[in-house]
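Below is query02.pdb, holding PDB, C-alpha atoms and all ligand atoms.
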```pdb
MODEL        1
ATOM      1  CA  MET A   1     -50.813 -18.478 -78.911
ATOM      2  CA  ARG A   2     -54.302 -17.913 -80.331
ATOM      3  CA  LYS A   3     -55.361 -21.297 -78.943
ATOM      4  CA  ILE A   4     -54.046 -20.218 -75.539
ATOM      5  CA  LEU A   5     -56.013 -16.962 -75.799
ATOM      6  CA  MET A   6     -59.264 -18.812 -76.479
ATOM      7  CA  SER A   7     -58.732 -21.287 -73.649
ATOM      8  CA  ARG A   8     -57.984 -18.400 -71.241
ATOM      9  CA  ILE A   9     -61.161 -16.611 -72.285
ATOM     10  CA  ILE A  10     -63.230 -19.740 -71.771
ATOM     11  CA  THR A  11     -61.656 -20.440 -68.366
ATOM     12  CA  ASN A  12     -61.857 -16.755 -67.330
ATOM     13  CA  SER A  13     -58.131 -16.636 -66.648
ATOM     14  CA  LEU A  14     -57.058 -13.862 -69.002
ATOM     15  CA  SER A  15     -55.024 -11.052 -67.428
ATOM     16  CA  VAL A  16     -57.659  -8.335 -67.683
ATOM     17  CA  GLY A  17     -58.207  -5.591 -65.112
ATOM     18  CA  GLU A  18     -60.925  -7.453 -63.240
ATOM     19  CA  ASN A  19     -58.703 -10.471 -62.640
ATOM     20  CA  PHE A  20     -55.838  -8.255 -61.447
ATOM     21  CA  ALA A  21     -58.227  -6.548 -59.015
ATOM     22  CA  ARG A  22     -59.464  -9.916 -57.730
ATOM     23  CA  ARG A  23     -55.890 -10.933 -56.961
ATOM     24  CA  GLY A  24     -55.226  -7.613 -55.230
ATOM     25  CA  ILE A  25     -52.649  -6.491 -57.799
ATOM     26  CA  GLY A  26     -52.554  -2.704 -57.820
ATOM     27  CA  VAL A  27     -52.654  -1.841 -61.510
ATOM     28  CA  ASP A  28     -54.953   0.379 -63.553
ATOM     29  CA  THR A  29     -57.996  -1.834 -64.014
ATOM     30  CA  ARG A  30     -59.897   0.441 -66.392
ATOM     31  CA  CYS A  31     -60.680  -0.595 -69.951
ATOM     32  CA  LYS A  32     -57.746   0.262 -72.181
ATOM     33  CA  LEU A  33     -59.883   0.930 -75.241
ATOM     34  CA  CYS A  34     -62.342   3.460 -73.802
ATOM     35  CA  ASN A  35     -59.963   4.464 -71.012
ATOM     36  CA  ASN A  36     -60.226   8.185 -71.695
ATOM     37  CA  ASP A  37     -63.994   8.214 -71.773
ATOM     38  CA  SER A  38     -65.016   6.071 -68.839
ATOM     39  CA  MET A  39     -63.990   4.539 -65.557
ATOM     40  CA  VAL A  40     -65.287   1.126 -66.561
ATOM     41  CA  MET A  41     -63.512  -1.898 -65.108
ATOM     42  CA  GLU A  42     -61.909  -4.050 -67.777
ATOM     43  CA  THR A  43     -63.652  -7.425 -67.712
ATOM     44  CA  MET A  44     -63.479  -9.961 -70.519
ATOM     45  CA  GLU A  45     -67.133  -9.269 -71.312
ATOM     46  CA  HIS A  46     -66.419  -5.568 -71.552
ATOM     47  CA  LEU A  47     -63.228  -5.881 -73.602
ATOM     48  CA  PHE A  48     -64.463  -8.348 -76.207
ATOM     49  CA  ARG A  49     -68.140  -7.419 -76.441
ATOM     50  CA  ASP A  50     -69.609  -4.640 -74.299
ATOM     51  CA  CYS A  51     -67.048  -1.845 -74.667
ATOM     52  CA  PRO A  52     -68.482   0.915 -76.914
ATOM     53  CA  VAL A  53     -65.242   0.812 -78.918
ATOM     54  CA  SER A  54     -65.442  -2.977 -79.389
ATOM     55  CA  ARG A  55     -69.104  -2.717 -80.370
ATOM     56  CA  ARG A  56     -68.289  -0.162 -83.056
ATOM     57  CA  LEU A  57     -65.523  -2.420 -84.368
ATOM     58  CA  TRP A  58     -67.830  -5.445 -84.462
ATOM     59  CA  ALA A  59     -70.564  -3.442 -86.210
ATOM     60  CA  THR A  60     -68.245  -1.974 -88.864
ATOM     61  CA  SER A  61     -66.325  -5.185 -89.542
ATOM     62  CA  ASP A  62     -66.990  -7.281 -92.646
ATOM     63  CA  ILE A  63     -69.005  -9.768 -90.586
ATOM     64  CA  GLY A  64     -71.203  -6.953 -89.188
ATOM     65  CA  ILE A  65     -71.993  -8.450 -85.789
ATOM     66  CA  ARG A  66     -74.250  -6.620 -83.325
ATOM     67  CA  ALA A  67     -72.259  -7.370 -80.212
ATOM     68  CA  GLU A  68     -75.060  -6.349 -77.850
ATOM     69  CA  ASN A  69     -77.006  -9.463 -78.851
ATOM     70  CA  GLY A  70     -76.401 -12.074 -76.195
ATOM     71  CA  SER A  71     -74.853  -9.611 -73.753
ATOM     72  CA  HIS A  72     -76.363 -11.574 -70.841
ATOM     73  CA  LEU A  73     -73.983 -14.475 -71.593
ATOM     74  CA  PRO A  74     -70.470 -15.000 -70.234
ATOM     75  CA  VAL A  75     -68.151 -13.996 -73.057
ATOM     76  CA  GLY A  76     -66.722 -17.503 -73.482
ATOM     77  CA  ARG A  77     -70.207 -18.843 -74.127
ATOM     78  CA  TRP A  78     -71.016 -15.851 -76.352
ATOM     79  CA  ILE A  79     -67.939 -16.613 -78.515
ATOM     80  CA  MET A  80     -68.754 -20.324 -78.770
ATOM     81  CA  ASP A  81     -72.353 -19.539 -79.764
ATOM     82  CA  TRP A  82     -71.175 -17.235 -82.543
ATOM     83  CA  ILE A  83     -68.666 -19.793 -83.838
ATOM     84  CA  TYR A  84     -71.401 -22.419 -83.841
ATOM     85  CA  TYR A  85     -73.739 -20.067 -85.723
ATOM     86  CA  LEU A  86     -71.145 -18.926 -88.287
ATOM     87  CA  ASP A  87     -70.061 -22.486 -88.885
ATOM     88  CA  LYS A  88     -73.544 -23.222 -90.235
ATOM     89  CA  GLN A  89     -73.474 -20.286 -92.682
ATOM     90  CA  GLU A  90     -72.211 -20.106 -96.240
ATOM     91  CA  ARG A  91     -68.447 -19.578 -96.503
ATOM     92  CA  SER A  92     -68.278 -20.815 -92.933
ATOM     93  CA  ALA A  93     -64.495 -21.230 -92.778
ATOM     94  CA  GLU A  94     -63.853 -17.633 -93.874
ATOM     95  CA  ARG A  95     -66.471 -16.243 -91.528
ATOM     96  CA  VAL A  96     -65.206 -18.162 -88.505
ATOM     97  CA  VAL A  97     -61.687 -16.950 -89.287
ATOM     98  CA  MET A  98     -62.964 -13.344 -89.511
ATOM     99  CA  PHE A  99     -64.685 -13.737 -86.154
ATOM    100  CA  LEU A 100     -61.669 -15.254 -84.410
ATOM    101  CA  ALA A 101     -59.423 -12.611 -85.963
ATOM    102  CA  MET A 102     -61.654  -9.959 -84.355
ATOM    103  CA  ILE A 103     -61.151 -11.548 -80.923
ATOM    104  CA  TRP A 104     -57.426 -11.910 -81.429
ATOM    105  CA  CYS A 105     -57.018  -8.323 -82.677
ATOM    106  CA  LEU A 106     -59.050  -6.869 -79.789
ATOM    107  CA  TRP A 107     -56.650  -8.559 -77.381
ATOM    108  CA  SER A 108     -53.562  -7.670 -79.376
ATOM    109  CA  VAL A 109     -54.527  -4.004 -79.827
ATOM    110  CA  ARG A 110     -55.488  -3.731 -76.152
ATOM    111  CA  ASN A 111     -51.968  -4.984 -75.290
ATOM    112  CA  ARG A 112     -50.340  -2.506 -77.656
ATOM    113  CA  VAL A 113     -52.275   0.365 -76.091
ATOM    114  CA  LEU A 114     -51.297  -0.841 -72.608
ATOM    115  CA  PHE A 115     -47.654  -1.770 -73.118
ATOM    116  CA  GLN A 116     -46.605   0.656 -75.836
ATOM    117  CA  GLU A 117     -48.585   3.502 -74.244
ATOM    118  CA  ILE A 118     -50.169   4.558 -77.533
ATOM    119  CA  ASN A 119     -53.683   5.816 -78.206
ATOM    120  CA  PHE A 120     -56.160   3.460 -79.758
ATOM    121  CA  HIS A 121     -57.180   4.108 -83.359
ATOM    122  CA  PRO A 122     -59.505   1.910 -85.457
ATOM    123  CA  ASN A 123     -56.922   1.838 -88.299
ATOM    124  CA  MET A 124     -54.496   0.098 -85.965
ATOM    125  CA  PHE A 125     -57.102  -2.572 -85.366
ATOM    126  CA  PHE A 126     -58.287  -3.096 -88.925
ATOM    127  CA  SER A 127     -54.827  -3.136 -90.513
ATOM    128  CA  GLN A 128     -53.907  -6.061 -88.253
ATOM    129  CA  TRP A 129     -57.278  -7.720 -88.784
ATOM    130  CA  ASN A 130     -56.955  -7.419 -92.592
ATOM    131  CA  GLN A 131     -53.481  -8.899 -92.446
ATOM    132  CA  ILE A 132     -54.662 -11.962 -90.552
ATOM    133  CA  VAL A 133     -57.767 -12.480 -92.694
ATOM    134  CA  THR A 134     -55.795 -12.092 -95.942
ATOM    135  CA  MET A 135     -53.268 -14.646 -94.767
ATOM    136  CA  ALA A 136     -55.968 -17.038 -93.670
ATOM    137  CA  ASP A 137     -57.772 -16.637 -97.013
ATOM    138  CA  LYS A 138     -54.588 -17.553 -98.835
ATOM    139  CA  ALA A 139     -54.094 -20.550 -96.557
ATOM    140  CA  LEU A 140     -57.670 -21.685 -97.207
ATOM    141  CA  GLU A 141     -57.176 -21.207-100.964
ATOM    142  CA  MET A 142     -53.968 -23.235-100.883
ATOM    143  CA  LYS A 143     -55.659 -25.899 -98.805
ATOM    144  CA  SER A 144     -58.573 -26.203-101.199
ATOM    145  CA  SER A 145     -56.333 -26.240-104.285
ATOM    146  CA  ALA A 146     -54.084 -28.832-102.629
ATOM    147  CA  SER A 147     -57.082 -31.034-101.888
ATOM    148  CA  THR A 148     -58.022 -31.037-105.568
ATOM    149  CA  MET A 149     -54.583 -32.220-106.597
ATOM    150  CA  ASN A 150     -54.046 -35.896-107.104
ATOM    151  CA  GLU A 151     -52.091 -37.993-104.635
ATOM    152  CA  SER A 152     -48.821 -37.863-106.522
ATOM    153  CA  SER A 153     -48.679 -34.054-106.647
ATOM    154  CA  ASP A 154     -49.974 -33.242-103.207
ATOM    155  CA  MET A 155     -47.737 -30.178-102.803
ATOM    156  CA  GLY A 156     -48.067 -26.831-104.579
ATOM    157  CA  SER A 157     -45.563 -26.112-107.353
ATOM    158  CA  GLN A 158     -42.141 -24.790-106.415
ATOM    159  CA  ASP A 159     -43.132 -21.354-107.845
ATOM    160  CA  ASP A 160     -46.288 -21.324-105.684
ATOM    161  CA  GLN A 161     -44.275 -22.154-102.608
ATOM    162  CA  VAL A 162     -41.667 -19.451-103.299
ATOM    163  CA  ALA A 163     -44.464 -16.879-103.874
ATOM    164  CA  TRP A 164     -46.148 -17.907-100.638
ATOM    165  CA  ILE A 165     -42.913 -17.665 -98.649
ATOM    166  CA  ARG A 166     -42.286 -14.138-100.019
ATOM    167  CA  GLU A 167     -45.794 -12.805 -99.425
ATOM    168  CA  SER A 168     -46.778 -14.357 -96.109
ATOM    169  CA  LYS A 169     -46.762 -12.043 -93.111
ATOM    170  CA  PRO A 170     -45.726 -13.348 -89.684
ATOM    171  CA  PHE A 171     -47.472 -12.654 -86.390
ATOM    172  CA  CYS A 172     -44.827 -10.883 -84.353
ATOM    173  CA  VAL A 173     -44.883 -11.557 -80.631
ATOM    174  CA  VAL A 174     -41.593  -9.817 -79.812
ATOM    175  CA  GLY A 175     -40.274  -6.821 -81.761
ATOM    176  CA  SER A 176     -40.732  -6.305 -85.484
ATOM    177  CA  ILE A 177     -39.289  -8.933 -87.753
ATOM    178  CA  SER A 178     -40.300  -7.701 -91.197
ATOM    179  CA  ASP A 179     -37.617  -5.012 -91.511
ATOM    180  CA  CYS A 180     -34.620  -6.898 -90.171
ATOM    181  CA  ASP A 181     -32.394  -9.646 -91.494
ATOM    182  CA  HIS A 182     -33.643 -12.785 -89.897
ATOM    183  CA  VAL A 183     -33.530 -16.518 -90.251
ATOM    184  CA  ARG A 184     -36.725 -18.355 -91.028
ATOM    185  CA  ILE A 185     -37.141 -22.008 -90.106
ATOM    186  CA  MET A 186     -39.986 -23.893 -91.774
ATOM    187  CA  VAL A 187     -41.057 -26.855 -89.657
ATOM    188  CA  ASP A 188     -43.289 -29.807 -90.388
ATOM    189  CA  ALA A 189     -44.083 -33.132 -88.805
ATOM    190  CA  GLU A 190     -45.544 -36.365 -90.084
ATOM    191  CA  TRP A 191     -47.354 -38.463 -87.543
ATOM    192  CA  LYS A 192     -48.782 -41.935 -88.030
ATOM    193  CA  THR A 193     -48.664 -43.594 -84.626
ATOM    194  CA  VAL A 194     -47.102 -42.879 -81.247
ATOM    195  CA  ASP A 195     -43.896 -44.659 -82.255
ATOM    196  CA  ASN A 196     -43.879 -43.671 -85.900
ATOM    197  CA  ALA A 197     -43.418 -39.952 -86.461
ATOM    198  CA  GLY A 198     -40.929 -37.745 -88.229
ATOM    199  CA  ILE A 199     -40.025 -34.091 -87.888
ATOM    200  CA  GLY A 200     -38.016 -31.829 -90.124
ATOM    201  CA  TRP A 201     -37.209 -28.233 -90.763
ATOM    202  CA  VAL A 202     -35.678 -26.134 -93.480
ATOM    203  CA  VAL A 203     -33.637 -23.037 -92.675
ATOM    204  CA  LEU A 204     -34.235 -20.023 -94.910
ATOM    205  CA  SER A 205     -31.809 -17.191 -94.334
ATOM    206  CA  SER A 206     -31.924 -13.563 -95.454
ATOM    207  CA  THR A 207     -28.381 -13.386 -96.755
ATOM    208  CA  ALA A 208     -25.836 -15.762 -98.229
ATOM    209  CA  VAL A 209     -23.305 -15.023 -95.500
ATOM    210  CA  GLN A 210     -25.925 -15.781 -92.842
ATOM    211  CA  ALA A 211     -26.628 -19.158 -94.469
ATOM    212  CA  GLU A 212     -22.902 -19.928 -94.488
ATOM    213  CA  GLY A 213     -22.674 -18.866 -90.838
ATOM    214  CA  LEU A 214     -25.530 -21.142 -89.831
ATOM    215  CA  GLY A 215     -23.866 -23.956 -91.749
ATOM    216  CA  ILE A 216     -20.605 -23.482 -89.874
ATOM    217  CA  TYR A 217     -22.314 -23.241 -86.494
ATOM    218  CA  GLY A 218     -24.378 -26.374 -87.253
ATOM    219  CA  ALA A 219     -21.232 -28.278 -88.262
ATOM    220  CA  MET A 220     -19.412 -27.140 -85.114
ATOM    221  CA  LYS A 221     -22.339 -28.244 -82.939
ATOM    222  CA  TRP A 222     -22.205 -31.623 -84.648
ATOM    223  CA  ALA A 223     -18.475 -31.830 -83.891
ATOM    224  CA  VAL A 224     -19.213 -31.024 -80.214
ATOM    225  CA  ASP A 225     -21.822 -33.798 -80.110
ATOM    226  CA  GLN A 226     -19.287 -36.193 -81.628
ATOM    227  CA  GLY A 227     -16.607 -35.220 -79.105
ATOM    228  CA  LEU A 228     -14.266 -33.887 -81.806
ATOM    229  CA  ARG A 229     -12.107 -31.466 -79.867
ATOM    230  CA  HIS A 230      -9.527 -30.756 -82.573
ATOM    231  CA  LEU A 231     -11.245 -29.057 -85.478
ATOM    232  CA  GLU A 232     -10.544 -27.070 -88.605
ATOM    233  CA  VAL A 233     -13.576 -25.577 -90.329
ATOM    234  CA  SER A 234     -13.173 -24.638 -93.984
ATOM    235  CA  SER A 235     -15.575 -22.506 -95.981
ATOM    236  CA  ASP A 236     -15.544 -20.746 -99.335
ATOM    237  CA  CYS A 237     -17.095 -17.640 -97.765
ATOM    238  CA  LEU A 238     -13.993 -15.499 -97.199
ATOM    239  CA  SER A 239     -15.743 -12.647 -95.349
ATOM    240  CA  LEU A 240     -17.263 -15.096 -92.889
ATOM    241  CA  ILE A 241     -13.958 -16.830 -92.222
ATOM    242  CA  CYS A 242     -12.351 -13.415 -91.601
ATOM    243  CA  SER A 243     -15.173 -12.506 -89.199
ATOM    244  CA  LEU A 244     -14.886 -15.801 -87.327
ATOM    245  CA  ALA A 245     -11.127 -15.375 -87.076
ATOM    246  CA  GLY A 246     -11.585 -11.827 -85.763
ATOM    247  CA  ILE A 247      -9.733 -10.332 -88.723
ATOM    248  CA  GLN A 248     -12.635  -8.177 -89.907
ATOM    249  CA  LYS A 249     -15.788  -6.720 -88.390
ATOM    250  CA  ALA A 250     -18.759  -9.012 -88.861
ATOM    251  CA  HIS A 251     -21.894  -8.035 -90.771
ATOM    252  CA  HIS A 252     -24.636  -7.216 -88.244
ATOM    253  CA  CYS A 253     -26.772 -10.115 -89.493
ATOM    254  CA  LEU A 254     -24.093 -12.483 -88.151
ATOM    255  CA  ALA A 255     -24.129 -11.149 -84.594
ATOM    256  CA  ASP A 256     -26.332 -13.884 -83.110
ATOM    257  CA  ILE A 257     -24.563 -16.686 -84.970
ATOM    258  CA  LEU A 258     -21.107 -15.495 -83.902
ATOM    259  CA  ALA A 259     -22.312 -15.254 -80.294
ATOM    260  CA  ASP A 260     -23.469 -18.876 -80.517
ATOM    261  CA  VAL A 261     -20.115 -19.924 -81.995
ATOM    262  CA  ASP A 262     -18.357 -18.125 -79.117
ATOM    263  CA  ASP A 263     -20.399 -20.151 -76.640
ATOM    264  CA  ILE A 264     -18.980 -23.457 -77.887
ATOM    265  CA  VAL A 265     -15.408 -22.369 -78.694
ATOM    266  CA  SER A 266     -14.165 -23.339 -75.223
ATOM    267  CA  PHE A 267     -15.102 -26.983 -75.904
ATOM    268  CA  PHE A 268     -12.294 -27.355 -78.443
ATOM    269  CA  HIS A 269      -8.681 -28.044 -77.587
ATOM    270  CA  CYS A 270      -7.753 -26.562 -80.914
ATOM    271  CA  LEU A 271      -9.922 -24.821 -83.444
ATOM    272  CA  ALA A 272      -9.075 -23.143 -86.743
ATOM    273  CA  PHE A 273     -11.020 -21.519 -89.546
ATOM    274  CA  SER A 274      -9.693 -21.593 -93.074
ATOM    275  CA  TYR A 275     -10.707 -20.301 -96.466
ATOM    276  CA  ILE A 276     -11.078 -22.716 -99.339
ATOM    277  CA  PRO A 277     -11.994 -21.656-102.913
ATOM    278  CA  ARG A 278     -15.393 -22.915-104.014
ATOM    279  CA  SER A 279     -13.851 -25.095-106.708
ATOM    280  CA  TYR A 280     -12.020 -26.994-103.936
ATOM    281  CA  ASN A 281     -15.107 -27.223-101.724
ATOM    282  CA  LYS A 282     -17.069 -29.435-104.082
ATOM    283  CA  PHE A 283     -18.238 -32.027-101.520
ATOM    284  CA  GLY A 284     -19.679 -29.406 -99.184
ATOM    285  CA  HIS A 285     -21.147 -27.402-102.065
ATOM    286  CA  ASP A 286     -22.863 -30.439-103.627
ATOM    287  CA  LEU A 287     -24.353 -31.430-100.269
ATOM    288  CA  ALA A 288     -25.674 -27.901 -99.648
ATOM    289  CA  CYS A 289     -27.257 -27.864-103.149
ATOM    290  CA  GLU A 290     -28.881 -31.224-102.509
ATOM    291  CA  ALA A 291     -30.343 -29.932 -99.216
ATOM    292  CA  MET A 292     -31.690 -26.797-100.936
ATOM    293  CA  TYR A 293     -33.457 -28.622-103.752
ATOM    294  CA  SER A 294     -34.647 -31.708-101.899
TER
HETATM  295 ZN    ZN B   1     -64.114  -0.036 -72.857
ENDMDL
END
```
Once you've parsed the file, please lay out its structure as structure tokens.
Amino acid sequence: MRKILMSRIITNSLSVGENFARRGIGVDTRCKLCNNDSMVMETMEHLFRDCPVSRRLWATSDIGIRAENGSHLPVGRWIMDWIYYLDKQERSAERVVMFLAMIWCLWSVRNRVLFQEINFHPNMFFSQWNQIVTMADKALEMKSSASTMNESSDMGSQDDQVAWIRESKPFCVVGSISDCDHVRIMVDAEWKTVDNAGIGWVVLSSTAVQAEGLGIYGAMKWAVDQGLRHLEVSSDCLSLICSLAGIQKAHHCLADILADVDDIVSFFHCLAFSYIPRSYNKFGHDLACEAMYS
């Protein structure tokens, strides 16, 4: 999404007030940051560089940029010039990240002011900016420590990885994910040539019952793919089996999974869910353990 933002800035195709006006779309085209103080049309130059609010943010940020320098340039060119300049400085990676985080946060905060109808406050901007920069710093640290490891231990330790997973903050694009039970899928790909690539992902769930639910749904999807229309699914998670069978109310974290199960139920000619004590579910249990630790 941040790559898309930069390409839209450079191609002057971002949905700012000026571009709406050009297309004859009747929306408020004033700057959303200094909206109360001026009648200035929101252009990309104004939003990212020339707005008095943006200039104050640039000047008070840790990279201390005087945004008025280069104000004769189109903003896409102005951004590229700054990246080029910062890339030649000491701690270039951190400074480029700080700069790009400023651009991203200006756009993000502008959207929050517009769509959530809230008043702009610098704290709103800098809390998001700090979050991004802190995350990027950690990523850069991990990258540099990984590059010093030898070939055979290219990955961080398991403890490092668990700590990273716990502390990392996501960039929410819809809703707020930090305070709800949610499933996290960690994806990676290995690419060597056009016909030699691999992809994989690991599912991390918030609760044990959610993990069991995902397991059951995944197994049922597999059965659908295999054309197995007569199915009994056994699990050692009694509360989940009762929820699937409609005997008890499901935990709210299972709502999405149960809806997905409902979508494929009609495929089966017969379908049953049964409880099996863990001691009798050794094959499934051993396989799940192997997946978790591999
Ligand atoms: Zn403004």
Within 12 Å of ligand ZN 1 (chain B), which residues of chain A show up? Give each one with its shortest atom-to-atom distance in Å (one decimal) and the two atoms involved, counting all atoms listed in the file, rows by chain then rising residue number, as CSV.
```
residue,atom,partner,partner_atom,distance
A:Val16,CA,B:ZN1,ZN,11.7
A:Gly17,CA,B:ZN1,ZN,11.2
A:Thr29,CA,B:ZN1,ZN,10.9
A:Arg30,CA,B:ZN1,ZN,7.7
A:Cys31,CA,B:ZN1,ZN,4.5
A:Lys32,CA,B:ZN1,ZN,6.4
A:Leu33,CA,B:ZN1,ZN,5.0
A:Cys34,CA,B:ZN1,ZN,4.0
A:Asn35,CA,B:ZN1,ZN,6.4
A:Asn36,CA,B:ZN1,ZN,9.2
A:Asp37,CA,B:ZN1,ZN,8.3
A:Ser38,CA,B:ZN1,ZN,7.4
A:Met39,CA,B:ZN1,ZN,8.6
A:Val40,CA,B:ZN1,ZN,6.5
A:Met41,CA,B:ZN1,ZN,8.0
A:Glu42,CA,B:ZN1,ZN,6.8
A:Thr43,CA,B:ZN1,ZN,9.0
A:Met44,CA,B:ZN1,ZN,10.2
A:Glu45,CA,B:ZN1,ZN,9.8
A:His46,CA,B:ZN1,ZN,6.1
A:Leu47,CA,B:ZN1,ZN,6.0
A:Phe48,CA,B:ZN1,ZN,9.0
A:Arg49,CA,B:ZN1,ZN,9.1
A:Asp50,CA,B:ZN1,ZN,7.3
A:Cys51,CA,B:ZN1,ZN,3.9
A:Pro52,CA,B:ZN1,ZN,6.0
A:Val53,CA,B:ZN1,ZN,6.2
A:Ser54,CA,B:ZN1,ZN,7.3
A:Arg55,CA,B:ZN1,ZN,9.4
A:Arg56,CA,B:ZN1,ZN,11.0
A:Leu57,CA,B:ZN1,ZN,11.8
A:Leu106,CA,B:ZN1,ZN,11.0
A:Arg110,CA,B:ZN1,ZN,9.9
A:Phe120,CA,B:ZN1,ZN,11.1
```
**Message:** Running the PyMOL selection byres (((chain A and resi 262) around 12) and not hetatm) on this model by hand, what would come out? Give it as a PyMOL selection string.
**Reply:** chain A and resi 217+220-221+243-246+255-261+263-268+271
**Message:** Just to confirm, what's the straight-line distance from CA of Thr11 in chain A to CA of Ile118 in chain A in Å (one decimal)?
**Reply:** 29.0 Å
**Message:** So that I can check the surroundings of Val97 in chain A, please list as a list in words every protein, DNA and RNA residue that reaches within 10 Å of it, counting only C-alpha atoms and ignoring chain neighbours fewer than 2 positions away.
**Reply:**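 Skipping anything fewer than 2 positions along the chain leaves Ile83, Leu86, Ser92, Ala93, Glu94, Arg95, Phe99, Leu100, Ala101, Met102, Ile103, Ile132, Val133, Ala136 and Asp137 of chain A.
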**Prompt:** Which polymer residues have any atom within 7 Å of an atom of range 228-239 of chain A, counting all atoms listed in the file, with same-chain residues fewer than 6 positions away left out, as a PyMOL selection string?
**Reply:** chain A and resi 267-278+281
**Item:** Residue members of the PyMOL selection byres (((chain A and resi 213) around 8) and not hetatm) in the file shown, as a list in words
**Value:**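 Taken on the displayed file, the PyMOL selection byres (((chain A and resi 213) around 8) and not hetatm) yields the residues Val209, Gln210, Ala211, Glu212, Leu214, Gly215, Ile216, Tyr217, Leu240, Leu254, Ile257 and Leu258 of chain A.
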Selection above as a file: C-alpha atoms, as a PDB file, keeping the file's coordinate frame:
```pdb
ATOM      1  CA  VAL A 209     -23.305 -15.023 -95.500  1.00  0.00           C
ATOM      2  CA  GLN A 210     -25.925 -15.781 -92.842  1.00  0.00           C
ATOM      3  CA  ALA A 211     -26.628 -19.158 -94.469  1.00  0.00           C
ATOM      4  CA  GLU A 212     -22.902 -19.928 -94.488  1.00  0.00           C
ATOM      5  CA  LEU A 214     -25.530 -21.142 -89.831  1.00  0.00           C
ATOM      6  CA  GLY A 215     -23.866 -23.956 -91.749  1.00  0.00           C
ATOM      7  CA  ILE A 216     -20.605 -23.482 -89.874  1.00  0.00           C
ATOM      8  CA  TYR A 217     -22.314 -23.241 -86.494  1.00  0.00           C
ATOM      9  CA  LEU A 240     -17.263 -15.096 -92.889  1.00  0.00           C
ATOM     10  CA  LEU A 254     -24.093 -12.483 -88.151  1.00  0.00           C
ATOM     11  CA  ILE A 257     -24.563 -16.686 -84.970  1.00  0.00           C
ATOM     12  CA  LEU A 258     -21.107 -15.495 -83.902  1.00  0.00           C
TER      13      LEU A 258
END
```
**Request:** Extract, using only C-alpha atoms, all DNA, RNA and protein residues at most 12 Å from Ser7 in chain A, discarding same-chain residues fewer than 5 positions from it, and format them as a PyMOL selection string.
**Result:** chain A and resi 1-2+12-14+75-77+79-80
